[in-house]
$ cat my_file-v2.cif   # mmCIF, C-alpha atoms
data_model
#
loop_
_atom_site.label_atom_id
_atom_site.label_comp_id
_atom_site.auth_asym_id
_atom_site.auth_seq_id
_atom_site.Cartn_x
_atom_site.Cartn_y
_atom_site.Cartn_z
CA MET O 1 3.28 -13.14 33.62
CA THR O 2 4.78 -14.45 30.41
CA ASN O 3 3.76 -14.17 26.81
CA VAL O 4 4.82 -16.19 23.79
CA LEU O 5 7.46 -13.69 22.67
CA TYR O 6 8.29 -11.63 25.75
CA ASP O 7 7.63 -11.26 29.49
CA LEU O 8 4.64 -9.13 30.37
CA PRO O 9 5.58 -5.93 32.26
CA GLY O 10 5.08 -5.77 35.98
CA PRO O 11 3.48 -2.91 37.99
CA LYS O 12 6.61 -0.74 38.02
CA ALA O 13 7.23 -1.28 34.31
CA ARG O 14 3.61 -0.39 33.48
CA VAL O 15 3.92 2.87 35.45
CA ARG O 16 7.19 3.63 33.68
CA TYR O 17 5.59 2.95 30.29
CA ARG O 18 2.69 5.26 31.13
CA ILE O 19 5.08 8.05 32.10
CA ILE O 20 7.05 7.57 28.88
CA GLY O 21 3.81 7.55 26.86
CA VAL O 22 2.54 10.76 28.45
CA ALA O 23 5.92 12.46 28.02
CA SER O 24 6.05 11.41 24.37
CA ALA O 25 2.52 12.68 23.74
CA LEU O 26 3.35 16.03 25.36
CA ALA O 27 6.53 16.29 23.28
CA ILE O 28 4.57 15.63 20.05
CA VAL O 29 1.93 18.20 21.01
CA ALA O 30 4.65 20.73 21.83
CA LEU O 31 6.31 20.10 18.45
CA LEU O 32 3.00 20.59 16.61
CA VAL O 33 2.33 23.80 18.55
CA TYR O 34 5.81 25.06 17.65
CA ILE O 35 5.27 24.25 13.95
CA VAL O 36 1.92 26.06 13.91
CA TRP O 37 3.47 29.02 15.71
CA ARG O 38 6.32 29.22 13.18
CA PHE O 39 3.84 29.02 10.30
CA ASN O 40 1.91 31.88 11.85
CA GLU O 41 5.06 33.93 12.44
CA THR O 42 6.18 33.52 8.83
CA GLY O 43 2.77 34.48 7.46
CA GLN O 44 1.73 31.08 6.15
CA PHE O 45 -1.80 31.62 7.45
CA ASP O 46 -2.25 35.02 5.79
CA SER O 47 -5.45 35.26 3.80
CA ILE O 48 -3.66 36.08 0.55
CA LYS O 49 -1.88 32.70 0.58
CA TRP O 50 -5.18 30.85 0.94
CA GLN O 51 -7.28 33.11 -1.25
CA GLN O 52 -6.76 31.25 -4.52
CA PHE O 53 -8.14 27.96 -3.15
CA GLN O 54 -11.66 29.40 -3.15
CA TYR O 55 -11.62 29.69 -6.95
CA SER O 56 -13.29 26.91 -8.91
CA ALA O 57 -10.43 26.81 -11.45
CA ILE O 58 -7.90 25.98 -8.71
CA GLN O 59 -10.23 23.38 -7.24
CA GLU O 60 -10.62 21.79 -10.66
CA GLN O 61 -6.84 21.67 -11.08
CA LEU O 62 -6.48 19.90 -7.75
CA LEU O 63 -9.27 17.50 -8.71
CA ASP O 64 -7.63 16.72 -12.06
CA GLY O 65 -4.31 16.07 -10.32
CA TYR O 66 -6.04 13.85 -7.76
CA LEU O 67 -7.80 11.87 -10.48
CA THR O 68 -4.50 11.42 -12.31
CA THR O 69 -2.96 10.13 -9.09
CA LEU O 70 -5.84 7.68 -8.64
CA ARG O 71 -5.58 6.51 -12.27
CA ALA O 72 -1.85 5.91 -11.97
CA ALA O 73 -2.27 4.15 -8.62
CA GLY O 74 -5.18 2.05 -9.88
CA ALA O 75 -3.43 0.92 -13.05
CA ALA O 76 -0.18 0.21 -11.21
CA ALA O 77 -2.00 -1.66 -8.40
CA VAL O 78 -3.80 -4.00 -10.81
CA LEU O 79 -0.63 -4.68 -12.80
CA ALA O 80 1.46 -5.08 -9.63
CA LEU O 81 -1.00 -7.63 -8.22
CA LEU O 82 -0.84 -9.61 -11.47
CA PHE O 83 2.94 -9.31 -11.54
CA GLY O 84 3.19 -10.44 -7.93
CA ALA O 85 0.83 -13.37 -8.42
CA ILE O 86 2.73 -14.65 -11.48
CA PHE O 87 6.19 -14.38 -9.99
CA ALA O 88 5.09 -15.66 -6.58
CA THR O 89 3.79 -18.73 -8.41
CA GLY O 90 7.15 -18.98 -10.14
CA ARG O 91 9.04 -18.77 -6.86
CA LEU O 92 6.89 -21.56 -5.41
CA SER O 93 7.24 -23.74 -8.51
CA ASP O 94 8.89 -27.16 -8.33
CA HIS O 95 10.52 -26.57 -11.72
CA ALA O 96 13.92 -24.88 -11.58
CA TRP O 97 13.55 -23.43 -15.09
CA PHE O 98 10.57 -21.41 -13.81
CA ARG O 99 11.67 -20.82 -10.22
CA ALA O 100 15.18 -19.47 -10.94
CA PRO O 101 14.16 -16.70 -13.41
CA SER O 102 11.27 -15.69 -11.17
CA THR O 103 13.58 -15.39 -8.17
CA PHE O 104 16.06 -13.34 -10.21
CA VAL O 105 13.38 -10.92 -11.45
CA VAL O 106 11.86 -10.42 -8.01
CA GLU O 107 15.18 -9.85 -6.27
CA LEU O 108 16.41 -7.56 -9.07
CA PHE O 109 13.48 -5.15 -9.04
CA ARG O 110 13.29 -5.16 -5.25
CA ALA O 111 16.92 -4.02 -5.13
CA ILE O 112 16.59 -1.15 -7.63
CA PRO O 113 15.24 2.15 -6.21
CA LEU O 114 11.84 3.09 -7.55
CA LEU O 115 13.03 6.44 -8.87
CA ILE O 116 15.68 4.75 -11.03
CA LEU O 117 13.05 2.39 -12.46
CA ILE O 118 10.89 5.38 -13.37
CA PHE O 119 13.87 7.12 -15.02
CA PHE O 120 14.73 3.99 -17.02
CA ALA O 121 11.12 3.56 -18.14
CA TYR O 122 10.91 7.22 -19.19
CA TYR O 123 14.32 8.08 -20.62
CA GLY O 124 15.11 4.65 -22.07
CA PRO O 125 12.52 4.85 -24.88
CA LEU O 126 13.48 8.49 -25.48
CA GLN O 127 17.07 7.45 -26.15
CA LEU O 128 15.78 4.93 -28.68
CA GLY O 129 13.70 7.57 -30.45
CA PHE O 130 10.30 6.66 -29.01
CA LYS O 131 8.31 9.47 -27.43
CA ILE O 132 5.81 8.31 -24.84
CA GLU O 133 3.56 10.02 -22.36
CA PRO O 134 5.12 10.26 -18.87
CA PHE O 135 2.06 8.57 -17.33
CA TRP O 136 3.03 5.06 -18.44
CA PRO O 137 6.70 5.15 -17.32
CA LEU O 138 5.39 6.03 -13.87
CA VAL O 139 2.99 3.08 -13.98
CA VAL O 140 5.74 0.74 -15.23
CA GLY O 141 8.12 1.76 -12.45
CA LEU O 142 5.44 1.36 -9.78
CA THR O 143 4.43 -2.01 -11.21
CA LEU O 144 7.93 -3.48 -11.26
CA TYR O 145 8.91 -2.34 -7.79
CA ASN O 146 5.66 -2.93 -5.92
CA GLY O 147 4.90 -6.11 -7.89
CA SER O 148 8.19 -7.60 -6.67
CA VAL O 149 7.32 -6.73 -3.08
CA LEU O 150 3.83 -8.18 -3.50
CA ALA O 151 5.35 -11.37 -4.93
CA GLU O 152 7.25 -11.83 -1.67
CA ILE O 153 4.10 -11.07 0.34
CA PHE O 154 2.16 -13.71 -1.61
CA ARG O 155 4.94 -16.26 -1.25
CA ALA O 156 5.33 -15.66 2.48
CA GLY O 157 1.57 -15.78 3.05
CA ILE O 158 1.17 -19.09 1.25
CA GLU O 159 4.17 -20.65 2.98
CA ALA O 160 2.80 -19.49 6.35
CA VAL O 161 -0.18 -21.82 6.05
CA ALA O 162 0.35 -24.95 8.12
CA ARG O 163 2.02 -27.68 6.09
CA GLY O 164 -0.54 -30.19 7.30
CA GLN O 165 -3.18 -28.47 5.17
CA SER O 166 -1.38 -29.18 1.91
CA GLU O 167 -0.28 -32.64 3.02
CA ALA O 168 -3.88 -33.59 3.80
CA ALA O 169 -4.99 -32.27 0.39
CA TYR O 170 -2.30 -34.25 -1.40
CA ALA O 171 -3.35 -37.33 0.57
CA LEU O 172 -6.86 -36.89 -0.83
CA GLY O 173 -5.45 -36.97 -4.36
CA MET O 174 -5.57 -33.28 -5.19
CA ARG O 175 -3.15 -31.79 -7.70
CA LYS O 176 -0.87 -28.90 -6.82
CA THR O 177 -3.05 -26.39 -8.67
CA GLN O 178 -6.10 -27.55 -6.72
CA VAL O 179 -4.20 -27.44 -3.44
CA MET O 180 -3.04 -23.90 -4.20
CA THR O 181 -6.40 -22.48 -5.33
CA LEU O 182 -8.77 -24.39 -3.05
CA ILE O 183 -6.77 -24.94 0.14
CA LEU O 184 -3.82 -22.58 0.54
CA LEU O 185 -4.96 -19.33 -1.07
CA PRO O 186 -8.29 -18.95 0.80
CA GLN O 187 -6.45 -19.30 4.10
CA ALA O 188 -3.46 -17.20 3.09
CA VAL O 189 -5.53 -14.25 1.86
CA ARG O 190 -6.73 -13.45 5.38
CA SER O 191 -3.19 -13.17 6.70
CA MET O 192 -1.86 -11.40 3.60
CA LEU O 193 -4.60 -8.78 3.33
CA PRO O 194 -3.14 -6.19 5.77
CA ALA O 195 0.28 -6.40 4.11
CA ILE O 196 -1.25 -6.18 0.62
CA VAL O 197 -3.27 -3.08 1.46
CA SER O 198 -0.26 -1.52 3.19
CA GLN O 199 1.75 -1.99 0.01
CA ILE O 200 -1.08 -0.50 -2.06
CA VAL O 201 -1.01 2.53 0.25
CA VAL O 202 2.75 2.79 -0.32
CA LEU O 203 2.12 2.55 -4.07
CA LEU O 204 -0.43 5.36 -3.88
CA LYS O 205 2.02 7.63 -2.08
CA ASP O 206 4.82 6.72 -4.49
CA THR O 207 2.81 8.18 -7.36
CA ALA O 208 4.08 11.55 -6.07
CA LEU O 209 7.44 10.68 -7.69
CA GLY O 210 5.73 11.25 -11.03
CA PHE O 211 6.21 15.01 -10.71
CA ILE O 212 9.91 14.47 -11.54
CA ILE O 213 9.00 13.36 -15.06
CA THR O 214 6.19 15.97 -15.28
CA VAL O 215 3.24 13.65 -14.72
CA PRO O 216 0.36 16.02 -13.86
CA GLU O 217 -0.50 14.22 -10.63
CA LEU O 218 -1.52 15.78 -7.33
CA LEU O 219 1.92 16.84 -6.08
CA PHE O 220 2.85 18.31 -9.47
CA VAL O 221 -0.33 20.39 -9.49
CA GLY O 222 0.28 21.44 -5.87
CA LYS O 223 3.77 22.62 -6.78
CA GLN O 224 2.40 24.67 -9.69
CA ILE O 225 -0.27 26.24 -7.49
CA GLY O 226 2.25 27.02 -4.75
CA GLY O 227 4.61 28.82 -7.13
CA ARG O 228 2.30 31.71 -7.99
CA LEU O 229 3.87 35.01 -7.01
CA ALA O 230 0.58 36.91 -7.10
CA PHE O 231 -0.55 34.99 -4.01
CA GLY O 232 2.74 35.26 -2.13
CA LEU O 233 4.24 31.90 -3.22
CA PRO O 234 1.86 29.77 -1.11
CA TYR O 235 3.95 26.59 -1.14
CA VAL O 236 3.17 25.65 2.45
CA PRO O 237 -0.64 26.04 2.14
CA SER O 238 -0.59 24.15 -1.14
CA TYR O 239 1.45 21.28 0.27
CA LEU O 240 -0.72 21.18 3.40
CA ILE O 241 -3.81 20.68 1.23
CA VAL O 242 -2.06 18.02 -0.85
CA ALA O 243 -0.92 16.24 2.32
CA ALA O 244 -4.46 16.32 3.71
CA ILE O 245 -5.78 14.71 0.52
CA TYR O 246 -3.14 11.97 0.68
CA ILE O 247 -3.82 11.32 4.37
CA ALA O 248 -7.58 11.09 3.79
CA THR O 249 -7.16 8.70 0.85
CA CYS O 250 -4.68 6.44 2.65
CA GLY O 251 -6.85 6.46 5.76
CA LEU O 252 -9.85 5.40 3.69
CA LEU O 253 -7.86 2.52 2.18
CA SER O 254 -6.70 1.41 5.63
CA TRP O 255 -10.26 1.53 6.94
CA PHE O 256 -11.46 -0.53 3.97
CA ALA O 257 -8.76 -3.13 4.63
CA TRP O 258 -9.78 -3.33 8.30
CA TRP O 259 -13.44 -3.70 7.36
CA LEU O 260 -12.73 -6.33 4.73
CA GLN O 261 -10.49 -8.37 7.02
CA ARG O 262 -13.08 -8.23 9.80
CA ARG O 263 -15.80 -9.33 7.40
CA MET O 264 -13.68 -12.22 6.10
CA THR O 265 -12.81 -13.28 9.64
CA ARG O 266 -16.49 -13.27 10.62
CA GLY O 267 -17.34 -15.29 7.52
CA GLY O 268 -14.68 -17.89 8.35
CA ARG O 269 -15.88 -18.18 11.95
CA ARG O 270 -19.49 -18.49 10.81
CA MET O 271 -18.59 -21.35 8.47
CA LYS O 272 -16.77 -23.14 11.28
CA THR O 273 -19.64 -22.77 13.74
CA THR O 274 -22.32 -23.82 11.26
CA ALA O 275 -20.39 -26.86 9.99
CA ARG O 276 -21.52 -30.02 11.79
CA PRO O 277 -20.44 -33.63 11.25
CA ALA O 278 -22.92 -35.80 9.40
CA PRO O 279 -24.89 -38.24 11.62
CA VAL O 280 -23.86 -41.87 11.57
CA THR O 281 -26.56 -44.46 10.89
CA ALA O 282 -26.82 -47.49 13.11
CA GLU O 283 -27.43 -49.88 10.25
CA THR O 284 -24.44 -49.13 8.06
CA GLY O 285 -22.11 -47.35 10.48
CA SER O 286 -21.43 -44.74 7.78
CA ALA O 287 -22.27 -41.06 7.59
CA ALA O 288 -25.78 -40.35 6.37
CA VAL O 289 -26.16 -38.09 3.34
#
$ encode --input "my_file-v2.cif" --output "structure tokens"
Amino acid sequence: MTNVLYDLPGPKARVRYRIIGVASALAIVALLVYIVWRFNETGQFDSIKWQQFQYSAIQEQLLDGYLTTLRAAGAAAVLALLFGAIFATGRLSDHAWFRAPSTFVVELFRAIPLLILIFFAYYGPLQLGFKIEPFWPLVVGLTLYNGSVLAEIFRAGIEAVARGQSEAAYALGMRKTQVMTLILLPQAVRSMLPAIVSQIVVLLKDTALGFIITVPELLFVGKQIGGRLAFGLPYVPSYLIVAAIYIATCGLLSWFAWWLQRRMTRGGRRMKTTARPAPVTAETGSAAV
């Protein structure tokens, strides 16, 4: 009746949990029904508010905004992964001259809100007389913030590997770089993968902050479409469509992470089951090659 972290619930507790679960589900359903009813009462489902979405020009605008969102998220994700890998290596370094600045940078950008980083990256060059496209300040802000978080994920994942693994590698004469790349990272990636993909999903959603500096991403386009008086200011329908696109994209990323982790886990188990010790010869008492 006990688990590693907590006591397993008994019969009465399980019944109580079921009642709480059913009551919570009914409350959520009731809230959704109320929201839909209010939308209907306020005319959010009127045909005129949804009429413009059947035009190819509007669909192309949404597609362009979605592609801009994906470009910003893709560029920021690649740069954030590189940023995180470099500064995670710095935080794990044995040299204080490398470890201390890396720790300072990671803790600094983790503590600054993302919106402020985007403002600094956009308005800072403008104050110095440099005019830049708003796309790159968004990417820079996303890179600094999410890269710092990823650096901590990498560091925690590597340090979570059993110390005996690295000690055994050092005993075999491996250098620290070999221990990191050949022993620790392959094992740490499996445990880090869900957290990495979760942070990439957060990064994708944070691209919506780009509308503040007029990046023509998905939310910015949705706001423009929703502000058209000729169609009754369809803000709610526009934002519902934008939300559905975000949910579908994030769900696809989560599914890919689940599939990749399952595939990696199967591959690791297959290697363990197929690995067999080499037979020992009777003449030499050593393992045969």
$ residues_around --input "my_file-v2.cif" --residues "Phe135 of chain O" --least-positions-apart "3" --cutoff "12 Å" --atoms "all atoms listed in the file" --output "list in words"
Thr68, Thr69, Leu70, Arg71, Ala72, Ala73, Ala75, Ala76, Ile118, Ala121, Tyr122, Lys131, Ile132, Leu138, Val139, Val140, Gly141, Leu142, Thr207, Ala208, Leu209, Gly210, Phe211, Ile212, Ile213, Thr214, Val215, Pro216 and Glu217 of chain O
$ atom_distance --input "my_file-v2.cif" --atom1 "atom CA of Ala100 of chain O" --atom2 "atom CA of Arg155 of chain O"
14.5 Å
$ closest_residue --input "my_file-v2.cif" --among "O:Pro194, O:Gly21, O:Pro137, O:Gly173" --to "Leu115 of chain O" --atoms "all atoms listed in the file"
O:Pro137
$ closest_residue --input "my_file-v2.cif" --among "O:Val149, O:Val29, O:Val202, O:Leu185" --to "Gln165 of chain O" --atoms "all atoms listed in the file"
O:Leu185
$ atom_distance --input "my_file-v2.cif" --atom1 "atom CA of Ser191 of chain O" --atom2 "atom CA of Lys205 of chain O"
23.2 Å
$ atom_distance --input "my_file-v2.cif" --atom1 "atom CA of Ile112 of chain O" --atom2 "atom CA of Gly90 of chain O"
20.3 Å
$ resolve_selection --input "my_file-v2.cif" --expression "the PyMOL selection byres ((chain O and resi 225-234) around 10)" --output "list of chain:residue names"
O:Gly43, O:Gln44, O:Phe45, O:Asp46, O:Ser47, O:Ile48, O:Lys49, O:Trp50, O:Gln51, O:Gln52, O:Phe53, O:Ile58, O:Gln61, O:Leu62, O:Leu219, O:Phe220, O:Val221, O:Gly222, O:Lys223, O:Gln224, O:Tyr235, O:Val236, O:Pro237, O:Ser238, O:Tyr239
$ resolve_selection --input "my_file-v2.cif" --expression "the PyMOL selection byres ((chain O and resi 151) around 6)" --output "list of chain:residue names"
O:Gly84, O:Phe87, O:Ala88, O:Ser148, O:Val149, O:Leu150, O:Glu152, O:Ile153, O:Phe154
$ residues_near_point --input "my_file-v2.cif" --point "(-8.7, 1.0, 6.4)" --cutoff "12 Å" --atoms "only C-alpha atoms" --output "JSON, numbers by chain"
{"O": [193, 194, 195, 196, 197, 198, 200, 201, 247, 248, 249, 250, 251, 252, 253, 254, 255, 256, 257, 258, 259, 260, 261, 262]}
$ write_last_selection --input "my_file-v2.cif" --atoms "C-alpha atoms" --output "compact mmCIF listing (two decimals), in the coordinates of the input"
# COMPACT_ATOMS: atom_id res chain seq x y z
CA LEU O 193 -4.60 -8.78 3.33
CA PRO O 194 -3.14 -6.19 5.77
CA ALA O 195 0.28 -6.40 4.11
CA ILE O 196 -1.25 -6.18 0.62
CA VAL O 197 -3.27 -3.08 1.46
CA SER O 198 -0.26 -1.52 3.19
CA ILE O 200 -1.08 -0.50 -2.06
CA VAL O 201 -1.01 2.53 0.25
CA ILE O 247 -3.82 11.32 4.37
CA ALA O 248 -7.58 11.09 3.79
CA THR O 249 -7.16 8.70 0.85
CA CYS O 250 -4.68 6.44 2.65
CA GLY O 251 -6.85 6.46 5.76
CA LEU O 252 -9.85 5.40 3.69
CA LEU O 253 -7.86 2.52 2.18
CA SER O 254 -6.70 1.41 5.63
CA TRP O 255 -10.26 1.53 6.94
CA PHE O 256 -11.46 -0.53 3.97
CA ALA O 257 -8.76 -3.13 4.63
CA TRP O 258 -9.78 -3.33 8.30
CA TRP O 259 -13.44 -3.70 7.36
CA LEU O 260 -12.73 -6.33 4.73
CA GLN O 261 -10.49 -8.37 7.02
CA ARG O 262 -13.08 -8.23 9.80
$ resolve_selection --input "my_file-v2.cif" --expression "the PyMOL selection byres ((chain O and resi 161) around 12)" --output "list in words"
Phe154, Arg155, Ala156, Gly157, Ile158, Glu159, Ala160, Ala162, Arg163, Gly164, Gln165, Ser166, Glu167, Val179, Met180, Ile183, Leu184, Leu185, Pro186, Gln187, Ala188, Val189, Arg190, Ser191 and Met192 of chain O
$ axis_aligned_box --input "my_file-v2.cif" --around "segment 246-262 of chain O" --padding-each-side "6 Å" --output "lines of an AutoDock Vina configuration file"
center_x = -8.3
center_y = 1.8
center_z = 5.2
size_x = 22.3
size_y = 32.3
size_z = 21.1
$ residues_around --input "my_file-v2.cif" --residues "Ala80 of chain O" --least-positions-apart "5" --cutoff "7 Å" --atoms "only C-alpha atoms" --output "number ranges by chain"
O: 143-144, 146-147
$ write_last_selection --input "my_file-v2.cif" --atoms "C-alpha atoms" --output "PDB file, in the frame of the given file"
ATOM      1  CA  THR O 143       4.430  -2.010 -11.210  1.00  0.00           C
ATOM      2  CA  LEU O 144       7.930  -3.480 -11.260  1.00  0.00           C
ATOM      3  CA  ASN O 146       5.660  -2.930  -5.920  1.00  0.00           C
ATOM      4  CA  GLY O 147       4.900  -6.110  -7.890  1.00  0.00           C
TER       5      GLY O 147
END
$ build_atoms --input "my_file-v2.cif" --residues "segment 7-19 of chain O" --atoms "N, CA, C and O atoms" --output "PDB file, in the frame of the given file"
ATOM      1  N   ASP O   7       8.239 -11.296  28.162  1.00  0.00           N
ATOM      2  CA  ASP O   7       7.630 -11.260  29.490  1.00  0.00           C
ATOM      3  C   ASP O   7       6.732 -10.039  29.604  1.00  0.00           C
ATOM      4  O   ASP O   7       7.101  -8.937  29.188  1.00  0.00           O
ATOM      5  N   LEU O   8       5.555 -10.244  30.172  1.00  0.00           N
ATOM      6  CA  LEU O   8       4.640  -9.130  30.370  1.00  0.00           C
ATOM      7  C   LEU O   8       5.190  -8.188  31.443  1.00  0.00           C
ATOM      8  O   LEU O   8       5.806  -8.632  32.412  1.00  0.00           O
ATOM      9  N   PRO O   9       5.017  -6.872  31.276  1.00  0.00           N
ATOM     10  CA  PRO O   9       5.580  -5.930  32.260  1.00  0.00           C
ATOM     11  C   PRO O   9       4.863  -6.027  33.597  1.00  0.00           C
ATOM     12  O   PRO O   9       3.656  -6.261  33.678  1.00  0.00           O
ATOM     13  N   GLY O  10       5.632  -5.793  34.643  1.00  0.00           N
ATOM     14  CA  GLY O  10       5.080  -5.770  35.980  1.00  0.00           C
ATOM     15  C   GLY O  10       4.510  -4.410  36.334  1.00  0.00           C
ATOM     16  O   GLY O  10       4.449  -3.505  35.489  1.00  0.00           O
ATOM     17  N   PRO O  11       4.093  -4.204  37.597  1.00  0.00           N
ATOM     18  CA  PRO O  11       3.480  -2.910  37.990  1.00  0.00           C
ATOM     19  C   PRO O  11       4.418  -1.729  37.778  1.00  0.00           C
ATOM     20  O   PRO O  11       4.000  -0.693  37.256  1.00  0.00           O
ATOM     21  N   LYS O  12       5.678  -1.851  38.189  1.00  0.00           N
ATOM     22  CA  LYS O  12       6.610  -0.740  38.020  1.00  0.00           C
ATOM     23  C   LYS O  12       6.861  -0.438  36.543  1.00  0.00           C
ATOM     24  O   LYS O  12       6.941   0.725  36.141  1.00  0.00           O
ATOM     25  N   ALA O  13       6.994  -1.492  35.742  1.00  0.00           N
ATOM     26  CA  ALA O  13       7.230  -1.280  34.310  1.00  0.00           C
ATOM     27  C   ALA O  13       6.023  -0.629  33.653  1.00  0.00           C
ATOM     28  O   ALA O  13       6.183   0.248  32.785  1.00  0.00           O
ATOM     29  N   ARG O  14       4.807  -1.005  34.071  1.00  0.00           N
ATOM     30  CA  ARG O  14       3.610  -0.390  33.480  1.00  0.00           C
ATOM     31  C   ARG O  14       3.542   1.100  33.822  1.00  0.00           C
ATOM     32  O   ARG O  14       3.179   1.926  32.985  1.00  0.00           O
ATOM     33  N   VAL O  15       3.898   1.455  35.072  1.00  0.00           N
ATOM     34  CA  VAL O  15       3.920   2.870  35.450  1.00  0.00           C
ATOM     35  C   VAL O  15       4.967   3.618  34.641  1.00  0.00           C
ATOM     36  O   VAL O  15       4.725   4.741  34.167  1.00  0.00           O
ATOM     37  N   ARG O  16       6.125   2.995  34.463  1.00  0.00           N
ATOM     38  CA  ARG O  16       7.190   3.630  33.680  1.00  0.00           C
ATOM     39  C   ARG O  16       6.748   3.830  32.226  1.00  0.00           C
ATOM     40  O   ARG O  16       7.009   4.880  31.633  1.00  0.00           O
ATOM     41  N   TYR O  17       6.068   2.832  31.667  1.00  0.00           N
ATOM     42  CA  TYR O  17       5.590   2.950  30.290  1.00  0.00           C
ATOM     43  C   TYR O  17       4.546   4.058  30.166  1.00  0.00           C
ATOM     44  O   TYR O  17       4.515   4.789  29.159  1.00  0.00           O
ATOM     45  N   ARG O  18       3.689   4.191  31.171  1.00  0.00           N
ATOM     46  CA  ARG O  18       2.690   5.260  31.130  1.00  0.00           C
ATOM     47  C   ARG O  18       3.359   6.633  31.158  1.00  0.00           C
ATOM     48  O   ARG O  18       2.957   7.556  30.434  1.00  0.00           O
ATOM     49  N   ILE O  19       4.369   6.765  32.017  1.00  0.00           N
ATOM     50  CA  ILE O  19       5.080   8.050  32.100  1.00  0.00           C
ATOM     51  C   ILE O  19       5.757   8.375  30.768  1.00  0.00           C
ATOM     52  O   ILE O  19       5.691   9.509  30.269  1.00  0.00           O
TER      53      ILE O  19
END
